[in-house]
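These notes concern the structure reproduced below.
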Amino acid sequence: MHLHAVSVFNGLSFVVAVFAAWTALDLFQQVRSHQGGARLAWLATAAAAMGGGIWSMHFIAMLGFDPGSPVRYDLALTVVSFLLATAGSSLAFLIAAGRADTRRMILAGLVMGAGICAMHYVGMAALRTSAALSYAPGLVAVSAAVALLASIAALFAVNQDRSRLWRLTAALVLGLAVAGMHHVAMAALTVTPVQIAVPLDAPGAPPLMLAAAVAGVTVLILFLALAVAMVDQRDKLIAIIDAGGVGYWELALPGQDLWLSGRARKYLGLPRREPLAAR
């Protein structure tokens with residue numbers, strides 16, 4: 001495959017990893033400020049964003065991998081790789097969402113890094129091609145160390161401060177954990193051609209189709225996650241306005257349906273439940 005195309009796939013995969021980390025860490029802040037069912041809902045959303053980003057990053061980067069023969073991916077193992085990434089992210093965020101202390105952050109980072117590693121190697125096990133894959137143990141250990149140490153550093157960074165600068169720093173570090181682990185692991189890989197060819201119509205998903213599907217699902221997850229975060233910010237703003245004794249109104253377009261808060265109706269002397277029209 002042309003070197004320029006490989007660079008494009010690698011660059012795109014890194015952007016996806018950082019965007020997923022930014023979104024997941026932003027949602028993680030919501031986990032820490034909620035309790036009960038709402039806390040679990042935010043945790044699931046953050047884990048889906050992070051796990052989906054890790055998963056998508058891997059298969060986008062794999063578009064630049066050319067073993068010299070047709071490639072397919074086993075669907076069952078591909079799904080397992082997604083579940084491992086999501087489960088690792090979920091458990092890591094759950095651990096980190098408790099009382100912030102050094103031991104807890106290290107444990108959460110180890111779990112996050114382990115999820116990244118498990119996703120990668122199970123995803124590689126799903127690959128079906130006319131070549132035998134083997135790994136250099138030393139570089140495998142380095143790839144794991146990259147994922148573990150960078151994940152710990154990212155969770156420490158996001159716990160230092162809630163400003164956008166610290167979250168961006170944490171997202172870049174976590175994105176580097178995902179991308180760095182992947183590329184070190186790929187450097188550990190040795191591809192040995194074998195005589196048995198994989199037919200073009202062999203069972204499994206071709207890489208381009210799988211990467212497009214994964215990227216589409218991940219983008220959808222991330223945009224949904226951002227939309228949910230915006231809704232939560234709106235609810236907080238309304239709560240602040242209401243606590244200040246201020247009435248407010250909302251106009252829904254294009255139907256021009258007008259809604260007044262209970263306090264605004266009280267100030268205007270209007271019945272609490274009578275419908276209003278903007279026209």
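Going through the structure tokens in order, the chains are called A, B, and so on, while each chain numbers its residues from 1 and the ligands are numbered from 1 in the order shown.
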
For Ile54 of chain A, find every residue with an atom within 10 Å (counting only C-alpha atoms), except residues of its own chain fewer than 4 positions away, and show them as a PDB file with C-alpha atoms, in the first residue's frame.
```pdb
ATOM      1  CA  SER A  13      -7.070   6.952  13.551  1.00  0.00           C
ATOM      2  CA  PHE A  14      -5.185   9.232  15.963  1.00  0.00           C
ATOM      3  CA  VAL A  16     -10.555   9.532  16.265  1.00  0.00           C
ATOM      4  CA  ALA A  17      -8.726   8.324  19.387  1.00  0.00           C
ATOM      5  CA  VAL A  18      -8.227  11.862  20.741  1.00  0.00           C
ATOM      6  CA  ALA A  20     -13.146   9.808  21.664  1.00  0.00           C
ATOM      7  CA  ALA A  21     -10.942  10.440  24.699  1.00  0.00           C
ATOM      8  CA  ALA A  48     -19.460   3.609  24.945  1.00  0.00           C
ATOM      9  CA  ALA A  49     -17.697   6.741  23.687  1.00  0.00           C
ATOM     10  CA  MET A  50     -14.268   5.587  24.872  1.00  0.00           C
ATOM     11  CA  HIS A  58      -7.848   0.194  15.582  1.00  0.00           C
ATOM     12  CA  PHE A  59      -9.751  -0.764  12.461  1.00  0.00           C
ATOM     13  CA  SER A  81     -12.958  -6.841  20.847  1.00  0.00           C
ATOM     14  CA  PHE A  82     -15.532  -4.027  21.045  1.00  0.00           C
ATOM     15  CA  ALA A  85     -12.802  -2.057  25.019  1.00  0.00           C
ATOM     16  CA  THR A  86     -16.161  -0.896  26.384  1.00  0.00           C
ATOM     17  CA  SER A  89     -13.431   1.729  29.861  1.00  0.00           C
ATOM     18  CA  GLY A 115      -8.809  -2.900  28.013  1.00  0.00           C
ATOM     19  CA  ILE A 116      -6.878  -1.137  25.240  1.00  0.00           C
ATOM     20  CA  MET A 119      -9.063  -4.908  22.340  1.00  0.00           C
ATOM     21  CA  HIS A 120      -6.002  -4.713  20.080  1.00  0.00           C
ATOM     22  CA  GLY A 175      -5.291   9.273  22.568  1.00  0.00           C
ATOM     23  CA  ALA A 177      -2.051   5.666  24.760  1.00  0.00           C
ATOM     24  CA  VAL A 178      -4.443   4.111  22.254  1.00  0.00           C
ATOM     25  CA  ALA A 179      -2.501   5.036  19.104  1.00  0.00           C
ATOM     26  CA  HIS A 182      -1.362   0.072  18.486  1.00  0.00           C
ATOM     27  CA  THR A 218     -18.326   5.634  16.469  1.00  0.00           C
TER      28      THR A 218
END
```

10 Å contact set for Met124 of chain A, only C-alpha atoms, chain neighbours under 2 positions out, as a VMD selection string:
chain A and resid 58 to 59 62 73 to 74 77 to 78 81 118 to 122 126 to 128 133 186

Just-selected residues, N, CA and C atoms written as a short mmCIF file (atom, residue, chain, number, x, y, z; two decimals), in the first residue's frame:
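Written output follows (result_20.cif):
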```cif
data_model
loop_
_atom_site.label_atom_id
_atom_site.label_comp_id
_atom_site.auth_asym_id
_atom_site.auth_seq_id
_atom_site.Cartn_x
_atom_site.Cartn_y
_atom_site.Cartn_z
N HIS A 58 -8.59 1.39 15.98
CA HIS A 58 -7.85 0.19 15.58
C HIS A 58 -8.14 -0.19 14.13
N PHE A 59 -9.41 -0.25 13.79
CA PHE A 59 -9.75 -0.76 12.46
C PHE A 59 -9.51 0.27 11.36
N MET A 62 -5.92 -0.16 10.72
CA MET A 62 -5.66 -1.44 10.04
C MET A 62 -5.90 -1.35 8.54
N TYR A 73 -12.16 -10.23 8.46
CA TYR A 73 -12.19 -10.21 9.93
C TYR A 73 -13.33 -11.08 10.44
N ASP A 74 -13.02 -11.97 11.37
CA ASP A 74 -14.03 -12.80 12.00
C ASP A 74 -14.99 -11.90 12.79
N LEU A 77 -15.20 -12.44 16.86
CA LEU A 77 -14.06 -11.89 17.59
C LEU A 77 -14.02 -10.37 17.49
N THR A 78 -14.49 -9.82 16.38
CA THR A 78 -14.54 -8.37 16.24
C THR A 78 -15.51 -7.76 17.25
N SER A 81 -13.96 -7.90 20.66
CA SER A 81 -12.96 -6.84 20.85
C SER A 81 -13.63 -5.52 21.25
N ALA A 118 -6.24 -5.56 25.38
CA ALA A 118 -7.10 -6.70 25.05
C ALA A 118 -7.84 -6.45 23.75
N MET A 119 -8.35 -5.22 23.57
CA MET A 119 -9.06 -4.91 22.34
C MET A 119 -8.15 -5.11 21.13
N HIS A 120 -6.91 -4.63 21.23
CA HIS A 120 -6.00 -4.71 20.08
C HIS A 120 -5.70 -6.16 19.71
N TYR A 121 -5.30 -6.95 20.68
CA TYR A 121 -4.85 -8.30 20.36
C TYR A 121 -6.00 -9.24 19.99
N VAL A 122 -7.17 -9.02 20.57
CA VAL A 122 -8.34 -9.80 20.13
C VAL A 122 -8.75 -9.36 18.72
N ALA A 126 -8.85 -11.63 15.19
CA ALA A 126 -9.98 -11.75 14.28
C ALA A 126 -9.56 -11.70 12.82
N LEU A 127 -8.31 -11.30 12.56
CA LEU A 127 -7.83 -11.14 11.18
C LEU A 127 -7.66 -12.50 10.52
N ARG A 128 -8.18 -12.62 9.31
CA ARG A 128 -8.06 -13.85 8.52
C ARG A 128 -7.36 -13.51 7.20
N LEU A 133 0.83 -14.85 11.72
CA LEU A 133 1.22 -13.68 12.49
C LEU A 133 1.91 -14.12 13.77
N MET A 186 2.05 -3.21 16.47
CA MET A 186 2.22 -3.56 15.06
C MET A 186 3.69 -3.70 14.71
#
```

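Here atom CA of Leu94 of chain A is placed at a distance of 26.4 Å from atom CA of Val142 of chain A.
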
As a VMD selection string, please: every residue in segment 53-158 of chain A that a backbone DSSP assignment puts in helix (DSSP H, G or I).
chain A and resid 53 to 64 75 to 96 102 to 125 137 to 158

Go through segment 45-136 of chain A and flag each residue having an atom no more than 7 Å from segment 152-156 of chain A; for those, report the closest pair of atoms plus their distance in Å to one decimal, using only C-alpha atoms, ordered by chain and rising number, as CSV.
```
residue,atom,partner,partner_atom,distance
A:Met105,CA,A:Phe156,CA,6.4
A:Ile106,CA,A:Ile152,CA,5.6
A:Gly109,CA,A:Ile152,CA,3.9
A:Leu110,CA,A:Ile152,CA,6.6
```

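Across A:Ala108, A:Ala136, A:Leu40, A:Ala188, the tightest approach to Ala150 of chain A is made by A:Ala108 when counting only C-alpha atoms.
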
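Of the residues listed (A:Leu208, A:Ala96, A:Leu83, A:Leu139), A:Ala96 shows the shortest atom-to-atom separation from Gln29 of chain A; distances use only C-alpha atoms.
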
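Using only C-alpha atoms, the shortest contact distance between Ser130 of chain A and any of A:Val194, A:Ala24, A:Ala47, A:Ala215 is found at A:Val194.
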
Å distance separating atom CA of Ala171 of chain A from atom CA of Leu148 of chain A, one decimal place:
14.8 Å

Looking at A:Val191, A:Val80, A:Ala125, A:Val184, which one is nearest to Ala141 of chain A, with distances taken over only C-alpha atoms?
A:Val184

Have a look at atom CA of Ser151 of chain A and atom CA of Thr169 of chain A and let me know their distance in Å, one decimal.
12.1 Å
